Amino acid sequence: MTAKHTFAGKVAIAGIGATEFSKESGRSELRLAVEAVKAALDDAGIAPGEVQGTCTYGADTNPDIDIARSLGFDDLTFFSRIYYGGGAAAGTIQQAALAVSAGVADVVVCYRAFNERSGNRFGAGVQGRAPVANAEMAHFASYTPVGLVTPAQWVAMAAARYMHVSGATSEDFGRVAVADRKHAATNPKAWFYEQPITLEDHQNSRWIVEPLHLLDCCQETDGAQAIVVTSLERAKDLKNGAVVIEAAVQGAAKGQDMMTSYYRDNLDGLPEMGLVGRQLWETSGLTAHDIDMAVLYDHFTPYVLMQLEELGFCGKGEAKDFVKDGRIELGGALPINTHGGQLGEAYLHGMNGIAEGVRQIRGTSYNQVTGAEKVLVTAGTGVPTSGLILGKDH
Amino acid sequence: MADFPDHSGALAALVGQSSGPIELSPDPVNTAMIRHWVEAMGDTNPVYTDHDAAVAAGYPGIVAPATMLQAWIMRGLKHTLDLEAARAAGNAPKGDANSQMMALFDEEGRTSVVATNCDQEYFRPLVLGDRLLVKSSIESISDPKQTGLGHGRFATSLMEFFAVPNDAVTKDLTNEQLAERGALVGTMRFRILKFRPGTGAVAPKAKPPRPRPAITQDNAFYFEGTLAGELRIQRCTDCGALRHPPLPACGKCASLNWDYVVSEGRGELLSMVVNHFPQVPAFDYPLPIGLIALDEGTRIVANLAGEPGDWTIGDRVVAEIVRFDDELALPVFHHETKEA
């Protein structure tokens, strides 16, 4: 695991494209996917006919071949899917990087598209799902009959233990929401543009599931985001240049469960993110001190604190202090989620966070971190997950 | 919902009209009917049954309870049965304002009816020998209203009661002529709501059953166990390691061989949440749920009994197997008491 991945530093993100982020797109999920892929290819300056590979989430409903027919792709030689919800985000980029570096496909498009607010809302959980006799549904047999049915509830169980062990408070979680919304307030693409919140707002928001308030939970979104991956060599000559993939890793830790990893020795961490972090540092040769900003997956605020610890930005149990005094806000020691995160910009299953990482390296973020050269991006937490380090091409 | 006509205009034209012919009471005010009434009501006031007591109280003689007003003109079961038979034969009385009003309500989809209130006024006591006549008319019909029962109209009937001495009743005089000669002794306003069925506030539904677990060959033993009153924990029969939730093989030694032990159901609360939203209809909220470390070494997610505020992480707990329905039983945890 200590060897440098062969693709690291040799593959790049060449284009990003998204739809608007809304609560009701009024369009099909497939159309959103097609719009985002088209926009990403335009951003890269690559013709649809040059795409040879695709990768999306297991949870995505849009077949790659439908996008291919819609935009007139030529032959596809690589098509892949990564499961486990938002944990797939950076994993799709890893798939693309593997395919490109192995010579399987020259250009790979990764995408995520859904009407997650106006259509199938993830926040409602699994309460309506038929108890089909397979292992995926049998997993929920331990939870749905007792009423533990939503992502917020599954996360809250871990968060309560984390608070008990670390001494973190609801206000400490709230500082993440305040930072995200501060950044969203100055990002015109964010749903919560010009709508910052205070810690008091966070504390006064209603309970969803104790210990989580409404403002600990990300929004729900209709929209799509696509990312174009190709070789560094090729990307250098394209319209917007190259954003180097310094590292791209996946992690499912020992004893891993889907959202309910309650049976491992310690309940107060995210071992899969620790696994992702160790690989990111080892394969990139970088350390936490080299990172100029981070996009940390924020469907629920407590897991942002745990990620800071697992990734080594602070010690175990120290995130509650790390997030204080604006340290995670623009201008702070480690600005996070400068697009507003999923609490502020949009819930795109983490794909929009990768796009923000690209903008930071390009120097085009609405909340630009001055001189950002190394950016860390994580994917869904509480599930088998993934991470990226993006860097400037010199 | 179907589109129904709006008969506001036709209904307004019926207001003030007579509901039907003036009716004469079958019997004069008499002691037998009064006695039955006061016995049924448990009213022991002697002015209704004892002449001397009534005179002593200032009446000319025995008086009828004022609330019997309508009872004097009611015509018994036979009349009702005859009317129903006539309706069944297609010979229902038609044409009077009341029948027209009811037909218009039905056309508006307001086929359900409920009596809402009844107000009576009394102008003089009824005495033995009084013969009553009643004149009915439609006093008011409301605009359509959304009510708790449904979308409907209120209609108020006014009944005016006149009394004549019994010996004034002859075959020569019509009921109308008798009523003109009589004294107005009371009124009654009877209000009904005619409404569209199924358009009211939704009645609270019976709580649906809890969501079913997805049962496979790997986890069936657990749910069979709770139905049998046992909290079962899967055990590797090669290395003896316990595991939960169920899996087909042992995470310690990879053996596919297993049986189960029955837990004592005691342990410690490791973590807990209190669900507020969204609310699944099968459960009561706020809903406390705990993660329990059983003394045998495995962990389990389960409901916590009592109020959310009763619980603190670290509490000692004990399971009670609760049968929720024929198919589902689950452990619910209580505080472990010292003597337990």
# chains A, B, ... in the order shown; residues from 1 in each chain; ligands from 1
$ residues_around --residues "region 364-380 of chain A" --least-positions-apart "3" --cutoff "6 Å" --atoms "only C-alpha atoms" --output "list in words"
Gly86, Gly87, Ala89, Ala90, Asn187, Ile291, Asp292, Met293, Ala294, Val295, Leu296, Tyr297, Thr338, Gly350, Arg359, Gln360, Ile361, Thr385, Ser386, Gly387, Leu388, Ile389, Leu390, Gly391 and Lys392 of chain A
$ select_by_dssp --residues "region 201-309 of chain A" --states "strand (DSSP E)" --output "ChimeraX atom specification"
/A:207-210,212-213,222-231,243-251,293-295
$ closest_residue --among "A:Ala288, A:Ala102, A:Ala133, A:Ile354" --to "chain B" --atoms "only C-alpha atoms"
A:Ala133
$ closest_residue --among "A:Glu136, A:Glu310, A:Glu35, A:Glu194" --to "chain B" --atoms "only C-alpha atoms"
A:Glu136
$ residues_around --residues "Asp268 (chain A)" --least-positions-apart "5" --cutoff "10 Å" --atoms "only C-alpha atoms" --output "number ranges by chain"
A: 158-166, 262, 303, 306, 316-317
$ write_last_selection --atoms "N, CA and C atoms" --output "PDB file, in the first residue's frame"
ATOM      1  N   ALA A 158     -23.880   7.461  15.471  1.00  0.00           N
ATOM      2  CA  ALA A 158     -22.424   7.584  15.591  1.00  0.00           C
ATOM      3  C   ALA A 158     -22.052   8.932  16.206  1.00  0.00           C
ATOM      4  N   ALA A 159     -22.802   9.978  15.822  1.00  0.00           N
ATOM      5  CA  ALA A 159     -22.492  11.327  16.311  1.00  0.00           C
ATOM      6  C   ALA A 159     -22.661  11.409  17.832  1.00  0.00           C
ATOM      7  N   ALA A 160     -23.718  10.764  18.339  1.00  0.00           N
ATOM      8  CA  ALA A 160     -23.963  10.813  19.786  1.00  0.00           C
ATOM      9  C   ALA A 160     -22.810  10.166  20.547  1.00  0.00           C
ATOM     10  N   ARG A 161     -22.311   9.059  20.016  1.00  0.00           N
ATOM     11  CA  ARG A 161     -21.179   8.398  20.665  1.00  0.00           C
ATOM     12  C   ARG A 161     -19.917   9.264  20.566  1.00  0.00           C
ATOM     13  N   TYR A 162     -19.733   9.883  19.402  1.00  0.00           N
ATOM     14  CA  TYR A 162     -18.576  10.761  19.201  1.00  0.00           C
ATOM     15  C   TYR A 162     -18.602  11.917  20.207  1.00  0.00           C
ATOM     16  N   MET A 163     -19.758  12.501  20.412  1.00  0.00           N
ATOM     17  CA  MET A 163     -19.893  13.592  21.388  1.00  0.00           C
ATOM     18  C   MET A 163     -19.545  13.085  22.788  1.00  0.00           C
ATOM     19  N   HIS A 164     -20.047  11.896  23.105  1.00  0.00           N
ATOM     20  CA  HIS A 164     -19.828  11.310  24.428  1.00  0.00           C
ATOM     21  C   HIS A 164     -18.337  11.095  24.688  1.00  0.00           C
ATOM     22  N   VAL A 165     -17.643  10.628  23.663  1.00  0.00           N
ATOM     23  CA  VAL A 165     -16.233  10.280  23.829  1.00  0.00           C
ATOM     24  C   VAL A 165     -15.326  11.507  23.719  1.00  0.00           C
ATOM     25  N   SER A 166     -15.612  12.380  22.741  1.00  0.00           N
ATOM     26  CA  SER A 166     -14.692  13.488  22.446  1.00  0.00           C
ATOM     27  C   SER A 166     -15.031  14.763  23.210  1.00  0.00           C
ATOM     28  N   TYR A 262     -21.678   0.119  13.386  1.00  0.00           N
ATOM     29  CA  TYR A 262     -21.786   0.265  14.840  1.00  0.00           C
ATOM     30  C   TYR A 262     -21.092  -0.863  15.592  1.00  0.00           C
ATOM     31  N   TYR A 303     -19.668  14.299  10.769  1.00  0.00           N
ATOM     32  CA  TYR A 303     -18.644  13.552  10.041  1.00  0.00           C
ATOM     33  C   TYR A 303     -17.544  14.454   9.481  1.00  0.00           C
ATOM     34  N   MET A 306     -15.040  14.401  12.308  1.00  0.00           N
ATOM     35  CA  MET A 306     -14.322  13.119  12.335  1.00  0.00           C
ATOM     36  C   MET A 306     -13.336  13.014  11.178  1.00  0.00           C
ATOM     37  N   LYS A 316      -6.869  13.056  17.309  1.00  0.00           N
ATOM     38  CA  LYS A 316      -8.127  12.409  17.704  1.00  0.00           C
ATOM     39  C   LYS A 316      -8.799  13.220  18.807  1.00  0.00           C
ATOM     40  N   GLY A 317     -10.057  13.545  18.598  1.00  0.00           N
ATOM     41  CA  GLY A 317     -10.806  14.285  19.604  1.00  0.00           C
ATOM     42  C   GLY A 317     -10.540  15.780  19.600  1.00  0.00           C
TER      43      GLY A 317
END
$ residues_around --residues "region 299-302 of chain A" --least-positions-apart "4" --cutoff "8 Å" --atoms "only C-alpha atoms" --output "MDAnalysis selection string"
chainID A and resid 152 155 159 173:174 176:177 216:218 306 342:343 347 380
$ write_last_selection --atoms "all heavy atoms" --output "mmCIF file, in the first residue's frame"
data_model
loop_
_atom_site.group_PDB
_atom_site.id
_atom_site.type_symbol
_atom_site.label_atom_id
_atom_site.label_comp_id
_atom_site.auth_asym_id
_atom_site.auth_seq_id
_atom_site.Cartn_x
_atom_site.Cartn_y
_atom_site.Cartn_z
ATOM 1 N N ALA A 152 -29.893 10.507 8.251
ATOM 2 C CA ALA A 152 -29.647 11.373 9.417
ATOM 3 C C ALA A 152 -29.669 10.543 10.703
ATOM 4 O O ALA A 152 -28.853 10.752 11.605
ATOM 5 C CB ALA A 152 -30.705 12.479 9.485
ATOM 6 N N VAL A 155 -26.502 8.380 10.985
ATOM 7 C CA VAL A 155 -25.337 9.197 11.351
ATOM 8 C C VAL A 155 -25.439 9.651 12.805
ATOM 9 O O VAL A 155 -24.444 9.684 13.535
ATOM 10 C CB VAL A 155 -25.219 10.406 10.397
ATOM 11 C CG1 VAL A 155 -24.177 11.399 10.911
ATOM 12 C CG2 VAL A 155 -24.862 9.944 8.983
ATOM 13 N N ALA A 159 -22.802 9.978 15.822
ATOM 14 C CA ALA A 159 -22.492 11.327 16.311
ATOM 15 C C ALA A 159 -22.661 11.409 17.832
ATOM 16 O O ALA A 159 -21.866 12.039 18.527
ATOM 17 C CB ALA A 159 -23.386 12.358 15.620
ATOM 18 N N PHE A 173 -20.510 21.128 15.969
ATOM 19 C CA PHE A 173 -21.062 20.704 14.666
ATOM 20 C C PHE A 173 -21.557 21.935 13.896
ATOM 21 O O PHE A 173 -21.389 22.048 12.686
ATOM 22 C CB PHE A 173 -22.231 19.728 14.857
ATOM 23 C CG PHE A 173 -21.884 18.432 15.539
ATOM 24 C CD1 PHE A 173 -22.870 17.679 16.172
ATOM 25 C CD2 PHE A 173 -20.579 17.940 15.546
ATOM 26 C CE1 PHE A 173 -22.572 16.473 16.800
ATOM 27 C CE2 PHE A 173 -20.265 16.737 16.177
ATOM 28 C CZ PHE A 173 -21.262 16.004 16.804
ATOM 29 N N GLY A 174 -22.171 22.846 14.632
ATOM 30 C CA GLY A 174 -22.762 24.031 14.015
ATOM 31 C C GLY A 174 -21.738 24.908 13.311
ATOM 32 O O GLY A 174 -22.066 25.573 12.325
ATOM 33 N N VAL A 176 -19.400 24.014 11.456
ATOM 34 C CA VAL A 176 -19.250 23.524 10.081
ATOM 35 C C VAL A 176 -20.358 24.114 9.206
ATOM 36 O O VAL A 176 -20.111 24.602 8.097
ATOM 37 C CB VAL A 176 -19.315 21.975 10.034
ATOM 38 C CG1 VAL A 176 -19.327 21.481 8.603
ATOM 39 C CG2 VAL A 176 -18.138 21.382 10.815
ATOM 40 N N ALA A 177 -21.588 24.085 9.734
ATOM 41 C CA ALA A 177 -22.717 24.625 8.975
ATOM 42 C C ALA A 177 -22.538 26.122 8.727
ATOM 43 O O ALA A 177 -22.814 26.625 7.632
ATOM 44 C CB ALA A 177 -24.022 24.359 9.731
ATOM 45 N N ASP A 216 -27.764 20.763 10.717
ATOM 46 C CA ASP A 216 -26.660 19.809 10.636
ATOM 47 C C ASP A 216 -26.793 18.936 9.389
ATOM 48 O O ASP A 216 -25.878 18.179 9.073
ATOM 49 C CB ASP A 216 -26.654 18.885 11.863
ATOM 50 C CG ASP A 216 -26.162 19.586 13.113
ATOM 51 O OD1 ASP A 216 -25.073 20.188 13.054
ATOM 52 O OD2 ASP A 216 -26.876 19.539 14.130
ATOM 53 N N CYS A 217 -27.945 19.008 8.747
ATOM 54 C CA CYS A 217 -28.253 18.103 7.633
ATOM 55 C C CYS A 217 -28.186 18.863 6.326
ATOM 56 O O CYS A 217 -28.677 19.983 6.227
ATOM 57 C CB CYS A 217 -29.655 17.525 7.795
ATOM 58 S SG CYS A 217 -29.947 16.788 9.421
ATOM 59 N N CYS A 218 -27.588 18.237 5.304
ATOM 60 C CA CYS A 218 -27.461 18.923 4.024
ATOM 61 C C CYS A 218 -28.824 19.039 3.371
ATOM 62 O O CYS A 218 -29.790 18.388 3.752
ATOM 63 C CB CYS A 218 -26.466 18.227 3.115
ATOM 64 S SG CYS A 218 -27.083 16.707 2.379
ATOM 65 N N MET A 306 -15.040 14.401 12.308
ATOM 66 C CA MET A 306 -14.322 13.119 12.335
ATOM 67 C C MET A 306 -13.336 13.014 11.178
ATOM 68 O O MET A 306 -12.258 12.439 11.330
ATOM 69 C CB MET A 306 -15.322 11.964 12.290
ATOM 70 C CG MET A 306 -16.165 11.845 13.553
ATOM 71 S SD MET A 306 -17.065 10.273 13.540
ATOM 72 C CE MET A 306 -18.622 10.776 14.192
ATOM 73 N N GLN A 342 -22.235 20.768 0.627
ATOM 74 C CA GLN A 342 -23.554 20.229 0.287
ATOM 75 C C GLN A 342 -24.635 20.865 1.163
ATOM 76 O O GLN A 342 -25.799 20.876 0.812
ATOM 77 C CB GLN A 342 -23.530 18.714 0.414
ATOM 78 C CG GLN A 342 -22.441 18.137 -0.521
ATOM 79 C CD GLN A 342 -22.520 16.654 -0.711
ATOM 80 O OE1 GLN A 342 -23.097 16.168 -1.677
ATOM 81 N NE2 GLN A 342 -21.930 15.914 0.203
ATOM 82 N N LEU A 343 -24.205 21.438 2.282
ATOM 83 C CA LEU A 343 -25.161 22.194 3.091
ATOM 84 C C LEU A 343 -25.520 23.509 2.425
ATOM 85 O O LEU A 343 -26.637 24.005 2.582
ATOM 86 C CB LEU A 343 -24.586 22.487 4.489
ATOM 87 C CG LEU A 343 -24.604 21.349 5.508
ATOM 88 C CD1 LEU A 343 -23.390 20.467 5.374
ATOM 89 C CD2 LEU A 343 -24.699 21.894 6.920
ATOM 90 N N TYR A 347 -26.480 19.434 -2.902
ATOM 91 C CA TYR A 347 -26.191 18.033 -2.597
ATOM 92 C C TYR A 347 -26.136 17.277 -3.906
ATOM 93 O O TYR A 347 -27.163 16.930 -4.478
ATOM 94 C CB TYR A 347 -27.291 17.471 -1.692
ATOM 95 C CG TYR A 347 -27.146 15.982 -1.415
ATOM 96 C CD1 TYR A 347 -26.096 15.498 -0.643
ATOM 97 C CD2 TYR A 347 -28.062 15.068 -1.919
ATOM 98 C CE1 TYR A 347 -25.958 14.141 -0.386
ATOM 99 C CE2 TYR A 347 -27.939 13.702 -1.663
ATOM 100 C CZ TYR A 347 -26.882 13.245 -0.896
ATOM 101 O OH TYR A 347 -26.756 11.910 -0.639
ATOM 102 N N GLY A 380 -18.395 10.470 0.213
ATOM 103 C CA GLY A 380 -19.387 10.158 1.243
ATOM 104 C C GLY A 380 -18.819 9.459 2.456
ATOM 105 O O GLY A 380 -17.994 8.551 2.341
#
$ closest_atom_pairs --of "chain B" --to "chain A" --cutoff "10 Å" --atoms "only C-alpha atoms" --output "Markdown table"
| residue | atom | partner | partner_atom | distance |
| --- | --- | --- | --- | --- |
| B:Pro209 | CA | A:Pro145 | CA | 9.4 |
| B:Arg210 | CA | A:Pro145 | CA | 5.7 |
| B:Pro211 | CA | A:Pro145 | CA | 5.1 |
| B:Arg212 | CA | A:Pro145 | CA | 6.0 |
| B:Pro213 | CA | A:Ala141 | CA | 4.2 |
| B:Ala214 | CA | A:Pro131 | CA | 4.1 |
| B:Ile215 | CA | A:Ala133 | CA | 5.5 |
| B:Thr216 | CA | A:Ala133 | CA | 5.2 |
| B:Gln217 | CA | A:Ala133 | CA | 8.6 |
| B:Asp218 | CA | A:Ala135 | CA | 8.8 |
| B:Asn219 | CA | A:Ala138 | CA | 7.6 |
| B:Ala220 | CA | A:Ala138 | CA | 9.9 |
| B:Phe223 | CA | A:Ala141 | CA | 9.5 |
| B:Arg243 | CA | A:Tyr263 | CA | 9.3 |
| B:His244 | CA | A:Tyr263 | CA | 8.1 |
| B:Pro245 | CA | A:Ser142 | CA | 7.1 |
| B:Pro246 | CA | A:His139 | CA | 9.1 |
| B:Leu247 | CA | A:Ala135 | CA | 9.2 |
| B:Gly251 | CA | A:Gly255 | CA | 8.7 |
| B:Leu270 | CA | A:Arg161 | CA | 7.0 |
| B:Ser271 | CA | A:Arg161 | CA | 5.2 |
| B:Met272 | CA | A:Met157 | CA | 5.7 |
| B:Val273 | CA | A:Glu210 | CA | 5.4 |
| B:Val274 | CA | A:Glu210 | CA | 4.9 |
| B:Asn275 | CA | A:Val209 | CA | 4.3 |
| B:His276 | CA | A:Ile208 | CA | 5.2 |
| B:Phe277 | CA | A:Ile208 | CA | 5.0 |
| B:Pro278 | CA | A:Ala124 | CA | 6.8 |
| B:Gln279 | CA | A:Gly147 | CA | 8.9 |
| B:Val280 | CA | A:Gln127 | CA | 7.2 |
| B:Pro281 | CA | A:Gly147 | CA | 9.9 |
| B:Ala282 | CA | A:Gly147 | CA | 8.3 |
| B:Phe283 | CA | A:Gly147 | CA | 7.0 |
| B:Asp284 | CA | A:Gly147 | CA | 9.7 |
| B:Pro286 | CA | A:Val209 | CA | 8.8 |
| B:Leu287 | CA | A:Gly147 | CA | 7.9 |
| B:Pro288 | CA | A:Glu210 | CA | 9.1 |
| B:Ile289 | CA | A:Leu148 | CA | 7.5 |
| B:Gly290 | CA | A:Met157 | CA | 7.9 |
| B:Leu291 | CA | A:Met157 | CA | 7.6 |
| B:Ile292 | CA | A:Tyr262 | CA | 9.8 |
| B:Ala293 | CA | A:Tyr263 | CA | 9.2 |
| B:Thr298 | CA | A:Tyr263 | CA | 7.6 |
| B:Arg299 | CA | A:Tyr263 | CA | 6.3 |
| B:Ile300 | CA | A:Ser142 | CA | 8.0 |
| B:Val301 | CA | A:Ser142 | CA | 6.8 |
| B:Ala302 | CA | A:Val146 | CA | 6.1 |
| B:Asn303 | CA | A:Val146 | CA | 5.9 |
| B:Leu304 | CA | A:Val146 | CA | 9.6 |
| B:Pro308 | CA | A:Glu210 | CA | 9.9 |
| B:Ile313 | CA | A:His164 | CA | 7.7 |
| B:Gly314 | CA | A:His164 | CA | 9.7 |
| B:Leu328 | CA | A:Pro145 | CA | 8.5 |
| B:Ala329 | CA | A:Pro145 | CA | 9.4 |
| B:Leu330 | CA | A:Val146 | CA | 8.1 |
| B:Pro331 | CA | A:Val146 | CA | 9.4 |
| B:Val332 | CA | A:Val146 | CA | 9.1 |
$ closest_residue --among "B:Glu84, B:Asp326, B:Glu160, B:Glu23" --to "Asp119 (chain B)" --atoms "only C-alpha atoms"
B:Glu160
